[in-house]
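These notes are about the structure you will find just below.
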Amino acid sequence: RAALHAGGHDAVDSVLALSPWLPEEDLAAAAEPVKQLVGRRVMIVHGTNDRRTDPELSFRLAARAKKANRDVCRFEVHSDRHGLHAFRDEVHALAEDFVWGTLFGRTFSRPVEDALAAPPPLGLRMPLASGFGRSLRH
């Protein structure tokens, strides 16, 4: 959540949020801000069996952010929990691909390009494939 909020700082070009904690949506409270993410590349990664932070809330935030900024994507790590340990290598490879692309201008892998280009909900519910990363090294 802190990374998402810091996205509005002038020195920030991209945001990578892994299993972000977001407050429950409440009609009495303002929704989590997304305007600060305009002009940034944003990737959210969340395990579908996360019991600490609600993956549905990160999906909803991503959907609102995508309306204001087309450079938003979200990957789902099916059957993984909050720590994203079951598919650690895949998550690390995905994060590395995003960081190299956003910070150093390297071409994104095809799954990341597809996720950024896909309209909601497709680009916001992209499954992180088992073995992701091995194909990037070969």
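Letters for chains follow the order of the structure tokens (A, B, ...), residue numbers begin at 1 for each chain, and ligand numbers begin at 1 in the order shown.
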
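Residues surrounding Ser109 of chain A within 8 Å are Asp97, Thr107, Pro111, Val112, Glu113 and Leu136 of chain A [only C-alpha atoms; sequence separation below 2 positions excluded].
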
Per residue of segment 1-109 of chain A within 10 Å of segment 125-131 of chain A, note the shortest atom pair and the distance in Å to one decimal, counting only C-alpha atoms, and order the rows by chain and increasing residue number, as JSON lines.
```
{"residue": "A:Ile44", "atom": "CA", "partner": "A:Arg125", "partner_atom": "CA", "distance": 10.0}
{"residue": "A:Val45", "atom": "CA", "partner": "A:Leu128", "partner_atom": "CA", "distance": 8.8}
{"residue": "A:His46", "atom": "CA", "partner": "A:Arg125", "partner_atom": "CA", "distance": 9.6}
{"residue": "A:Gly47", "atom": "CA", "partner": "A:Leu128", "partner_atom": "CA", "distance": 9.6}
{"residue": "A:Thr48", "atom": "CA", "partner": "A:Pro127", "partner_atom": "CA", "distance": 9.9}
{"residue": "A:Phe59", "atom": "CA", "partner": "A:Arg125", "partner_atom": "CA", "distance": 7.5}
{"residue": "A:Ala62", "atom": "CA", "partner": "A:Arg125", "partner_atom": "CA", "distance": 9.7}
{"residue": "A:Cys73", "atom": "CA", "partner": "A:Met126", "partner_atom": "CA", "distance": 8.0}
{"residue": "A:Arg74", "atom": "CA", "partner": "A:Arg125", "partner_atom": "CA", "distance": 6.0}
{"residue": "A:Phe75", "atom": "CA", "partner": "A:Met126", "partner_atom": "CA", "distance": 4.6}
{"residue": "A:Glu76", "atom": "CA", "partner": "A:Pro127", "partner_atom": "CA", "distance": 4.9}
{"residue": "A:Val77", "atom": "CA", "partner": "A:Leu128", "partner_atom": "CA", "distance": 5.3}
{"residue": "A:His78", "atom": "CA", "partner": "A:Pro127", "partner_atom": "CA", "distance": 6.9}
{"residue": "A:Ala86", "atom": "CA", "partner": "A:Ser130", "partner_atom": "CA", "distance": 9.9}
{"residue": "A:Phe87", "atom": "CA", "partner": "A:Ser130", "partner_atom": "CA", "distance": 7.2}
{"residue": "A:Asp89", "atom": "CA", "partner": "A:Gly131", "partner_atom": "CA", "distance": 7.9}
{"residue": "A:Glu90", "atom": "CA", "partner": "A:Gly131", "partner_atom": "CA", "distance": 6.2}
{"residue": "A:Val91", "atom": "CA", "partner": "A:Leu128", "partner_atom": "CA", "distance": 7.8}
{"residue": "A:Ala93", "atom": "CA", "partner": "A:Gly131", "partner_atom": "CA", "distance": 9.5}
{"residue": "A:Leu94", "atom": "CA", "partner": "A:Leu128", "partner_atom": "CA", "distance": 8.3}
```

Helix (DSSP H, G or I) positions in chain A, given as a PyMOL selection string: chain A and resi 2-6+35-37+55-68+88-104+110-117+122-124+134-137

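As for atom CA of Pro119 of chain A and atom CA of Ala95 of chain A, they are spaced 21.1 Å apart.
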
From a DSSP calculation on the backbone, collect every residue of segment 73-102 of chain A in strand (DSSP E) and output the set as a PyMOL selection string. chain A and resi 73-77

Go ahead and save the residues from that selection, with C-alpha atoms, as a short mmCIF file (atom, residue, chain, number, x, y, z; two decimals), in the first residue's frame.
```
data_model
loop_
_atom_site.label_atom_id
_atom_site.label_comp_id
_atom_site.auth_asym_id
_atom_site.auth_seq_id
_atom_site.Cartn_x
_atom_site.Cartn_y
_atom_site.Cartn_z
CA CYS A 73 -1.57 -4.85 -14.86
CA ARG A 74 -2.16 -7.44 -12.17
CA PHE A 75 -1.05 -11.05 -11.95
CA GLU A 76 -2.74 -13.75 -9.92
CA VAL A 77 -0.67 -16.52 -8.41
#
```

Give me, please, the distance in Å between atom CA of Ala65 of chain A and atom CA of Pro33 of chain A, quoted to one decimal.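 Calculated distance between atom CA of Ala65 of chain A and atom CA of Pro33 of chain A is 8.5 Å.
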
Any chance you could tabulate, as JSON lines, the residues of segment 35-95 of chain A at most 9 Å from segment 11-22 of chain A with each one's nearest atom pair and distance in Å to one decimal, using only C-alpha atoms, in chain and rising number order?
```
{"residue": "A:Leu37", "atom": "CA", "partner": "A:Val15", "partner_atom": "CA", "distance": 8.2}
{"residue": "A:Gly39", "atom": "CA", "partner": "A:Asp13", "partner_atom": "CA", "distance": 7.6}
{"residue": "A:Arg40", "atom": "CA", "partner": "A:Ser14", "partner_atom": "CA", "distance": 4.9}
{"residue": "A:Arg41", "atom": "CA", "partner": "A:Ser14", "partner_atom": "CA", "distance": 4.6}
{"residue": "A:Val42", "atom": "CA", "partner": "A:Val15", "partner_atom": "CA", "distance": 4.8}
{"residue": "A:Met43", "atom": "CA", "partner": "A:Leu16", "partner_atom": "CA", "distance": 4.9}
{"residue": "A:Ile44", "atom": "CA", "partner": "A:Ala17", "partner_atom": "CA", "distance": 4.7}
{"residue": "A:Val45", "atom": "CA", "partner": "A:Leu18", "partner_atom": "CA", "distance": 4.9}
{"residue": "A:His46", "atom": "CA", "partner": "A:Ser19", "partner_atom": "CA", "distance": 4.6}
{"residue": "A:Gly47", "atom": "CA", "partner": "A:Ser19", "partner_atom": "CA", "distance": 6.9}
{"residue": "A:Asp50", "atom": "CA", "partner": "A:Ser19", "partner_atom": "CA", "distance": 8.0}
{"residue": "A:Arg52", "atom": "CA", "partner": "A:Trp21", "partner_atom": "CA", "distance": 7.9}
{"residue": "A:Thr53", "atom": "CA", "partner": "A:Trp21", "partner_atom": "CA", "distance": 5.1}
{"residue": "A:Asp54", "atom": "CA", "partner": "A:Trp21", "partner_atom": "CA", "distance": 7.3}
{"residue": "A:Pro55", "atom": "CA", "partner": "A:Ser19", "partner_atom": "CA", "distance": 7.4}
{"residue": "A:Leu57", "atom": "CA", "partner": "A:Leu22", "partner_atom": "CA", "distance": 6.5}
{"residue": "A:Ser58", "atom": "CA", "partner": "A:Pro20", "partner_atom": "CA", "distance": 6.9}
{"residue": "A:Leu61", "atom": "CA", "partner": "A:Leu22", "partner_atom": "CA", "distance": 8.7}
{"residue": "A:Arg81", "atom": "CA", "partner": "A:Ser19", "partner_atom": "CA", "distance": 8.9}
{"residue": "A:His82", "atom": "CA", "partner": "A:Ser19", "partner_atom": "CA", "distance": 6.2}
{"residue": "A:Gly83", "atom": "CA", "partner": "A:Ser19", "partner_atom": "CA", "distance": 7.7}
{"residue": "A:Leu84", "atom": "CA", "partner": "A:Ser19", "partner_atom": "CA", "distance": 8.2}
{"residue": "A:Ala95", "atom": "CA", "partner": "A:Leu16", "partner_atom": "CA", "distance": 7.5}
```

Selection export as a PDB file, in the first residue's frame, atoms kept: N, CA and C atoms:
```
ATOM      1  N   LEU A  37      -1.193   7.351  -9.602  1.00  0.00           N
ATOM      2  CA  LEU A  37      -0.570   6.321 -10.441  1.00  0.00           C
ATOM      3  C   LEU A  37      -0.603   6.661 -11.933  1.00  0.00           C
ATOM      4  N   GLY A  39       0.417   7.932 -15.324  1.00  0.00           N
ATOM      5  CA  GLY A  39       1.726   8.183 -15.889  1.00  0.00           C
ATOM      6  C   GLY A  39       2.811   7.244 -15.383  1.00  0.00           C
ATOM      7  N   ARG A  40       2.431   6.306 -14.518  1.00  0.00           N
ATOM      8  CA  ARG A  40       3.382   5.320 -14.017  1.00  0.00           C
ATOM      9  C   ARG A  40       3.008   3.953 -14.543  1.00  0.00           C
ATOM     10  N   ARG A  41       3.978   3.078 -14.659  1.00  0.00           N
ATOM     11  CA  ARG A  41       3.669   1.675 -14.950  1.00  0.00           C
ATOM     12  C   ARG A  41       3.460   0.998 -13.603  1.00  0.00           C
ATOM     13  N   VAL A  42       2.384   0.241 -13.524  1.00  0.00           N
ATOM     14  CA  VAL A  42       1.998  -0.367 -12.254  1.00  0.00           C
ATOM     15  C   VAL A  42       1.753  -1.850 -12.450  1.00  0.00           C
ATOM     16  N   MET A  43       2.363  -2.657 -11.581  1.00  0.00           N
ATOM     17  CA  MET A  43       2.104  -4.091 -11.567  1.00  0.00           C
ATOM     18  C   MET A  43       1.761  -4.502 -10.139  1.00  0.00           C
ATOM     19  N   ILE A  44       0.666  -5.239 -10.030  1.00  0.00           N
ATOM     20  CA  ILE A  44       0.256  -5.820  -8.753  1.00  0.00           C
ATOM     21  C   ILE A  44       0.305  -7.330  -8.915  1.00  0.00           C
ATOM     22  N   VAL A  45       0.831  -8.007  -7.906  1.00  0.00           N
ATOM     23  CA  VAL A  45       0.899  -9.466  -7.901  1.00  0.00           C
ATOM     24  C   VAL A  45       0.261  -9.932  -6.603  1.00  0.00           C
ATOM     25  N   HIS A  46      -0.682 -10.875  -6.713  1.00  0.00           N
ATOM     26  CA  HIS A  46      -1.400 -11.317  -5.515  1.00  0.00           C
ATOM     27  C   HIS A  46      -1.717 -12.804  -5.606  1.00  0.00           C
ATOM     28  N   GLY A  47      -1.529 -13.517  -4.510  1.00  0.00           N
ATOM     29  CA  GLY A  47      -1.913 -14.916  -4.422  1.00  0.00           C
ATOM     30  C   GLY A  47      -3.416 -15.037  -4.251  1.00  0.00           C
ATOM     31  N   ASP A  50      -4.667 -15.845  -0.544  1.00  0.00           N
ATOM     32  CA  ASP A  50      -4.118 -14.970   0.493  1.00  0.00           C
ATOM     33  C   ASP A  50      -5.185 -14.736   1.553  1.00  0.00           C
ATOM     34  N   ARG A  52      -4.312 -13.041   4.493  1.00  0.00           N
ATOM     35  CA  ARG A  52      -3.917 -11.831   5.227  1.00  0.00           C
ATOM     36  C   ARG A  52      -4.410 -10.578   4.536  1.00  0.00           C
ATOM     37  N   THR A  53      -4.255 -10.539   3.222  1.00  0.00           N
ATOM     38  CA  THR A  53      -4.691  -9.384   2.449  1.00  0.00           C
ATOM     39  C   THR A  53      -5.608  -9.892   1.346  1.00  0.00           C
ATOM     40  N   ASP A  54      -6.690  -9.225   1.148  1.00  0.00           N
ATOM     41  CA  ASP A  54      -7.741  -9.692   0.252  1.00  0.00           C
ATOM     42  C   ASP A  54      -7.371  -9.459  -1.215  1.00  0.00           C
ATOM     43  N   PRO A  55      -7.177 -10.543  -1.986  1.00  0.00           N
ATOM     44  CA  PRO A  55      -6.830 -10.357  -3.396  1.00  0.00           C
ATOM     45  C   PRO A  55      -7.932  -9.656  -4.198  1.00  0.00           C
ATOM     46  N   LEU A  57      -9.642  -7.113  -3.224  1.00  0.00           N
ATOM     47  CA  LEU A  57      -9.460  -5.668  -3.055  1.00  0.00           C
ATOM     48  C   LEU A  57      -8.355  -5.137  -3.957  1.00  0.00           C
ATOM     49  N   SER A  58      -7.296  -5.927  -4.162  1.00  0.00           N
ATOM     50  CA  SER A  58      -6.253  -5.454  -5.085  1.00  0.00           C
ATOM     51  C   SER A  58      -6.766  -5.477  -6.519  1.00  0.00           C
ATOM     52  N   LEU A  61      -8.888  -2.284  -6.870  1.00  0.00           N
ATOM     53  CA  LEU A  61      -8.029  -1.109  -6.982  1.00  0.00           C
ATOM     54  C   LEU A  61      -7.400  -1.063  -8.366  1.00  0.00           C
ATOM     55  N   ARG A  81      -0.431 -18.236  -1.280  1.00  0.00           N
ATOM     56  CA  ARG A  81      -0.872 -17.425  -0.143  1.00  0.00           C
ATOM     57  C   ARG A  81      -0.131 -16.091  -0.115  1.00  0.00           C
ATOM     58  N   HIS A  82      -0.218 -15.412   1.024  1.00  0.00           N
ATOM     59  CA  HIS A  82       0.302 -14.062   1.161  1.00  0.00           C
ATOM     60  C   HIS A  82       1.786 -13.938   0.827  1.00  0.00           C
ATOM     61  N   GLY A  83       2.601 -14.852   1.285  1.00  0.00           N
ATOM     62  CA  GLY A  83       4.039 -14.765   1.073  1.00  0.00           C
ATOM     63  C   GLY A  83       4.501 -15.136  -0.317  1.00  0.00           C
ATOM     64  N   LEU A  84       3.603 -15.661  -1.131  1.00  0.00           N
ATOM     65  CA  LEU A  84       3.915 -16.055  -2.507  1.00  0.00           C
ATOM     66  C   LEU A  84       5.105 -17.015  -2.559  1.00  0.00           C
ATOM     67  N   ALA A  95       8.883 -10.119 -11.215  1.00  0.00           N
ATOM     68  CA  ALA A  95       9.299  -8.836 -10.644  1.00  0.00           C
ATOM     69  C   ALA A  95      10.567  -8.325 -11.330  1.00  0.00           C
TER      70      ALA A  95
END
```

Could you work out how far atom CA of Arg88 of chain A lies from atom CA of Gly8 of chain A, giving the answer in Å with one decimal?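 According to the coordinates, atom CA of Gly8 of chain A and atom CA of Arg88 of chain A are separated by 28.6 Å.
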